[in-house]
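To keep things clear, I will list the structure first and then write my remarks on it.
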Amino acid sequence: MPTLLETIGEYEEDLLAIIARQWGIEIEEIPVKKLARHIVDRMSEDIIRDFLKSLPESDTASLKELSAKKGKILWPQFVRNFGDLREMGAARRQREQPDTQPTSLTESLYYKGLIGKAFFDARGGPREFAYIPDEILTFFDQRSEETIFEKCHPVPDNRVQKKWIASDFIVDQATTTLAALRSGVKMEQIKFTRPNIPPDMLITLLQDADLISPTNEISIKQAKSFLEDKRGSAFTSLVKVWQKSKGINELLLVPGIKFEKEPANDPLIPRSLLLDLLKTMPESEWYLLDEFIQAMHENHPDFLRKAGEFDAWFVRDKESENILSGYEYWDSIEGQYLRIMIQGPLHWFGVLSLGKTAKGNLAFGRSVWSEPLLNDTPLDYPTIEIHQFSLEKNGQIQIDRYFPRDIRYQTARFCDWGSQKGSRFDYRITPESLQRMKEQGLTTDQLVSLLQKYARKPLPGNIITALKQWEKNGLEVEINPQVMIRVKSAKIMDALFDSPAKSRILERLNPECALIDRKEIPLIQATFLEMGYFVEIFSIEN
């Protein structure tokens, strides 16, 4: 901590006189430039000890609490706990005498020279702290403050009845995203599960990892290296990128609130604070999410917004449109942010496992990977290796997530995309996908070669035949979802063709049957009714 001289050295003359008076130090005929040094020189160890013994109990308790936090605490949190320090110049101090009539414990300590305020380095840049000067701090017990988790009650493992163990699924989702961008598949068409990470967050992650450009163009060399890398190494690289990313702002994931404009927060600061706090979490314990949030409220309320920002941020409730301005909305913003971080990114990136008690309370615990991930150590772990995928006669391809990622990436470029079902990704070879393949400069021979190498044997012969036929002749069979009209006599159909509705008929198949587009059903029905015929419409499967 700064020394007493460093604390009061730049104080105004009247403020130094106030401190000297509190300590009973004579300052007459001392030049102003030497006044601070004179006061400090008179504060011997014995004088400081006696002065501290004479303090009111409330002053002593405040200093003890501050010393337990290693002698410093963020200034906004200190004034919330012990009251404000009014802004005053020399004239107002002389008029209101805050040293003899303090309005808070903060003022009582400040005008005795027992605390100072200064900017210290912190995550995200310098922040203002209250602190005890070195000479004063030595008289207090500086035992380490309880960690945030020592303020919570661990939950026995047998009470956590349902568990979601941390996984490296985000590696597979990153692979899916790269394949989508390369294949021209729109991100809004993809629904990610396990984890259900938002597609735009994945895009930002890949941009920060230099796997894609700011315009979402694939960085071929980097992407190839990522796709061919071991799972543990690829996973570690994504976690490191997320931990240091300023482009990913988890605050935007908080449900129920919206911002008038892009939030002005630095996402790195609260994320780094949480990661540091998790280093103090016992590895084998579970903790209730609600209790942890309450402990954060009481001990680290400023982790997301600084004091002035509680009123300065323009945040609205999405449903009511009410402005959530002020510290009283901490639960709606900071509390919800903590819920999102623990159930979302900290779980998605493998740091935390999640659980639920029999009463339905959410719990969390450190994963087996948390130690290396929190301490910037590469992960290396054995994984299942699957070297074949299934190809069905209908052209459907099913690929397990433990299949080589670079081959799945290539395969996806030849196919239409289905859904993700658990650890399986579904694709299908269709005329549309083959046309896209051709537009991307890929060939049918490349697809056949890939199928012959990686699809389980025996290969469906019809698929290989169909691919060769398509390459030679293009599309040879077309099935259109059209509607057939059937009438009892050719006379009725002739009358329809004599009506203005004739232009809406696609084709006359025979004297009693014709084809129309589905959307023309109401018009054709009305035309028949005008002609004196009721029409029965059979249900149409979508």
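By order of appearance in the structure tokens: chains A, B, ..., then residues from 1 within every chain, and ligands from 1 in the order shown.
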message: Going by DSSP on the backbone, which residues of range 200-344 of chain A come out as alpha helix (DSSP H)? List them as number ranges by chain.
response: A: 200-208, 220-228, 231-244, 268-279, 289-299, 309-312, 330, 336-343
field: Selected residue of minimal separation from Arg366 in chain A among A:Glu65, A:Glu29, A:Glu285, A:Asp134, counting only C-alpha atoms
entry: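 Residue with the minimum atom-to-atom distance to Arg366 in chain A: A:Glu285.
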- request: For range 193-205 of chain A, work out the shell of residues within 10 Å, counting only C-alpha atoms and skipping chain neighbours fewer than 3 positions away, then give it as a count of residues only.
  value: 44
message: I need the residue nearest Ser390 in chain A from this list: A:Pro460, A:Pro263, A:Thr377, A:Lys356. Use only C-alpha atoms for the distance.
response: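 Smallest separation from Ser390 in chain A among the options: A:Pro460.
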field: Shell around Arg413 in chain A at 7 Å using only C-alpha atoms, local window under 3 positions removed, as a list of chain:residue names
entry: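 Answer for this query is A:Ala179, A:Ser183, A:Tyr409, A:Gln410, A:Met437.
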- request: Mind checking which residues fall within 12 Å of Tyr329 in chain A, counting only C-alpha atoms, ignoring those fewer than 3 positions away in the same chain, and posting them as a list in words?
  value: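 So, after excluding close chain neighbours, the residues are Ile257, His297, Pro301, Arg305, Phe310, Asp311, Trp313, Val315, Arg316, Asp317, Asn322, Ile323, Leu324, Ser325, Gly326, Ser332, Ile333, Glu334, Gly335 and Gln336 of chain A.
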Those residues you just picked out, can you put them in a file as a PDB file, in the first residue's frame with N, CA and C atoms?
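result18.pdb, written as the output of this step:
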```
ATOM      1  N   ILE A 257     -33.604  -8.461 -20.861  1.00  0.00           N
ATOM      2  CA  ILE A 257     -33.189  -7.061 -20.888  1.00  0.00           C
ATOM      3  C   ILE A 257     -32.717  -6.698 -22.292  1.00  0.00           C
ATOM      4  N   HIS A 297     -23.283 -10.819  -4.692  1.00  0.00           N
ATOM      5  CA  HIS A 297     -23.987  -9.564  -4.418  1.00  0.00           C
ATOM      6  C   HIS A 297     -23.412  -8.872  -3.191  1.00  0.00           C
ATOM      7  N   PRO A 301     -20.109  -6.776  -5.579  1.00  0.00           N
ATOM      8  CA  PRO A 301     -21.243  -6.220  -6.344  1.00  0.00           C
ATOM      9  C   PRO A 301     -20.814  -5.420  -7.569  1.00  0.00           C
ATOM     10  N   ARG A 305     -20.509  -3.633 -13.212  1.00  0.00           N
ATOM     11  CA  ARG A 305     -20.654  -2.186 -13.368  1.00  0.00           C
ATOM     12  C   ARG A 305     -19.994  -1.464 -12.206  1.00  0.00           C
ATOM     13  N   PHE A 310     -24.202   2.251 -12.509  1.00  0.00           N
ATOM     14  CA  PHE A 310     -25.497   1.705 -12.104  1.00  0.00           C
ATOM     15  C   PHE A 310     -26.636   2.621 -12.554  1.00  0.00           C
ATOM     16  N   ASP A 311     -26.367   3.929 -12.619  1.00  0.00           N
ATOM     17  CA  ASP A 311     -27.379   4.886 -13.064  1.00  0.00           C
ATOM     18  C   ASP A 311     -27.165   5.317 -14.512  1.00  0.00           C
ATOM     19  N   TRP A 313     -26.045   3.405 -17.202  1.00  0.00           N
ATOM     20  CA  TRP A 313     -26.407   2.457 -18.258  1.00  0.00           C
ATOM     21  C   TRP A 313     -27.893   2.552 -18.594  1.00  0.00           C
ATOM     22  N   VAL A 315     -30.598   0.485 -19.706  1.00  0.00           N
ATOM     23  CA  VAL A 315     -31.044  -0.894 -19.865  1.00  0.00           C
ATOM     24  C   VAL A 315     -32.557  -0.930 -19.660  1.00  0.00           C
ATOM     25  N   ARG A 316     -33.254  -1.651 -20.534  1.00  0.00           N
ATOM     26  CA  ARG A 316     -34.713  -1.757 -20.405  1.00  0.00           C
ATOM     27  C   ARG A 316     -35.131  -3.202 -20.183  1.00  0.00           C
ATOM     28  N   ASP A 317     -36.228  -3.364 -19.470  1.00  0.00           N
ATOM     29  CA  ASP A 317     -36.874  -4.651 -19.357  1.00  0.00           C
ATOM     30  C   ASP A 317     -37.606  -4.916 -20.678  1.00  0.00           C
ATOM     31  N   ASN A 322     -39.656  -0.876 -19.011  1.00  0.00           N
ATOM     32  CA  ASN A 322     -39.169  -0.027 -17.929  1.00  0.00           C
ATOM     33  C   ASN A 322     -37.655   0.045 -17.955  1.00  0.00           C
ATOM     34  N   ILE A 323     -37.114   1.228 -17.604  1.00  0.00           N
ATOM     35  CA  ILE A 323     -35.667   1.405 -17.522  1.00  0.00           C
ATOM     36  C   ILE A 323     -35.172   0.817 -16.202  1.00  0.00           C
ATOM     37  N   LEU A 324     -34.170  -0.033 -16.263  1.00  0.00           N
ATOM     38  CA  LEU A 324     -33.612  -0.672 -15.068  1.00  0.00           C
ATOM     39  C   LEU A 324     -32.400   0.131 -14.620  1.00  0.00           C
ATOM     40  N   SER A 325     -32.663   1.287 -14.021  1.00  0.00           N
ATOM     41  CA  SER A 325     -31.595   2.202 -13.619  1.00  0.00           C
ATOM     42  C   SER A 325     -31.417   2.169 -12.111  1.00  0.00           C
ATOM     43  N   GLY A 326     -30.154   1.986 -11.666  1.00  0.00           N
ATOM     44  CA  GLY A 326     -29.873   2.017 -10.231  1.00  0.00           C
ATOM     45  C   GLY A 326     -29.428   0.670  -9.696  1.00  0.00           C
ATOM     46  N   SER A 332     -31.479  -8.183 -11.656  1.00  0.00           N
ATOM     47  CA  SER A 332     -31.960  -8.292 -13.033  1.00  0.00           C
ATOM     48  C   SER A 332     -30.827  -8.231 -14.049  1.00  0.00           C
ATOM     49  N   ILE A 333     -29.713  -7.636 -13.676  1.00  0.00           N
ATOM     50  CA  ILE A 333     -28.596  -7.479 -14.611  1.00  0.00           C
ATOM     51  C   ILE A 333     -27.405  -8.337 -14.172  1.00  0.00           C
ATOM     52  N   GLU A 334     -26.758  -7.959 -13.061  1.00  0.00           N
ATOM     53  CA  GLU A 334     -25.605  -8.742 -12.600  1.00  0.00           C
ATOM     54  C   GLU A 334     -25.997 -10.172 -12.226  1.00  0.00           C
ATOM     55  N   GLY A 335     -27.118 -10.316 -11.510  1.00  0.00           N
ATOM     56  CA  GLY A 335     -27.547 -11.649 -11.098  1.00  0.00           C
ATOM     57  C   GLY A 335     -27.819 -12.551 -12.291  1.00  0.00           C
ATOM     58  N   GLN A 336     -28.514 -12.013 -13.295  1.00  0.00           N
ATOM     59  CA  GLN A 336     -28.812 -12.801 -14.492  1.00  0.00           C
ATOM     60  C   GLN A 336     -27.555 -13.063 -15.320  1.00  0.00           C
TER      61      GLN A 336
END
```
message: Which residue is closest to Gly9 in chain A? Choose from A:Gln222, A:Glu28, A:Cys152, A:Ile39 and count only C-alpha atoms.
response: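 Between A:Gln222, A:Glu28, A:Cys152, A:Ile39, the residue approaching Gly9 in chain A most closely is A:Ile39.
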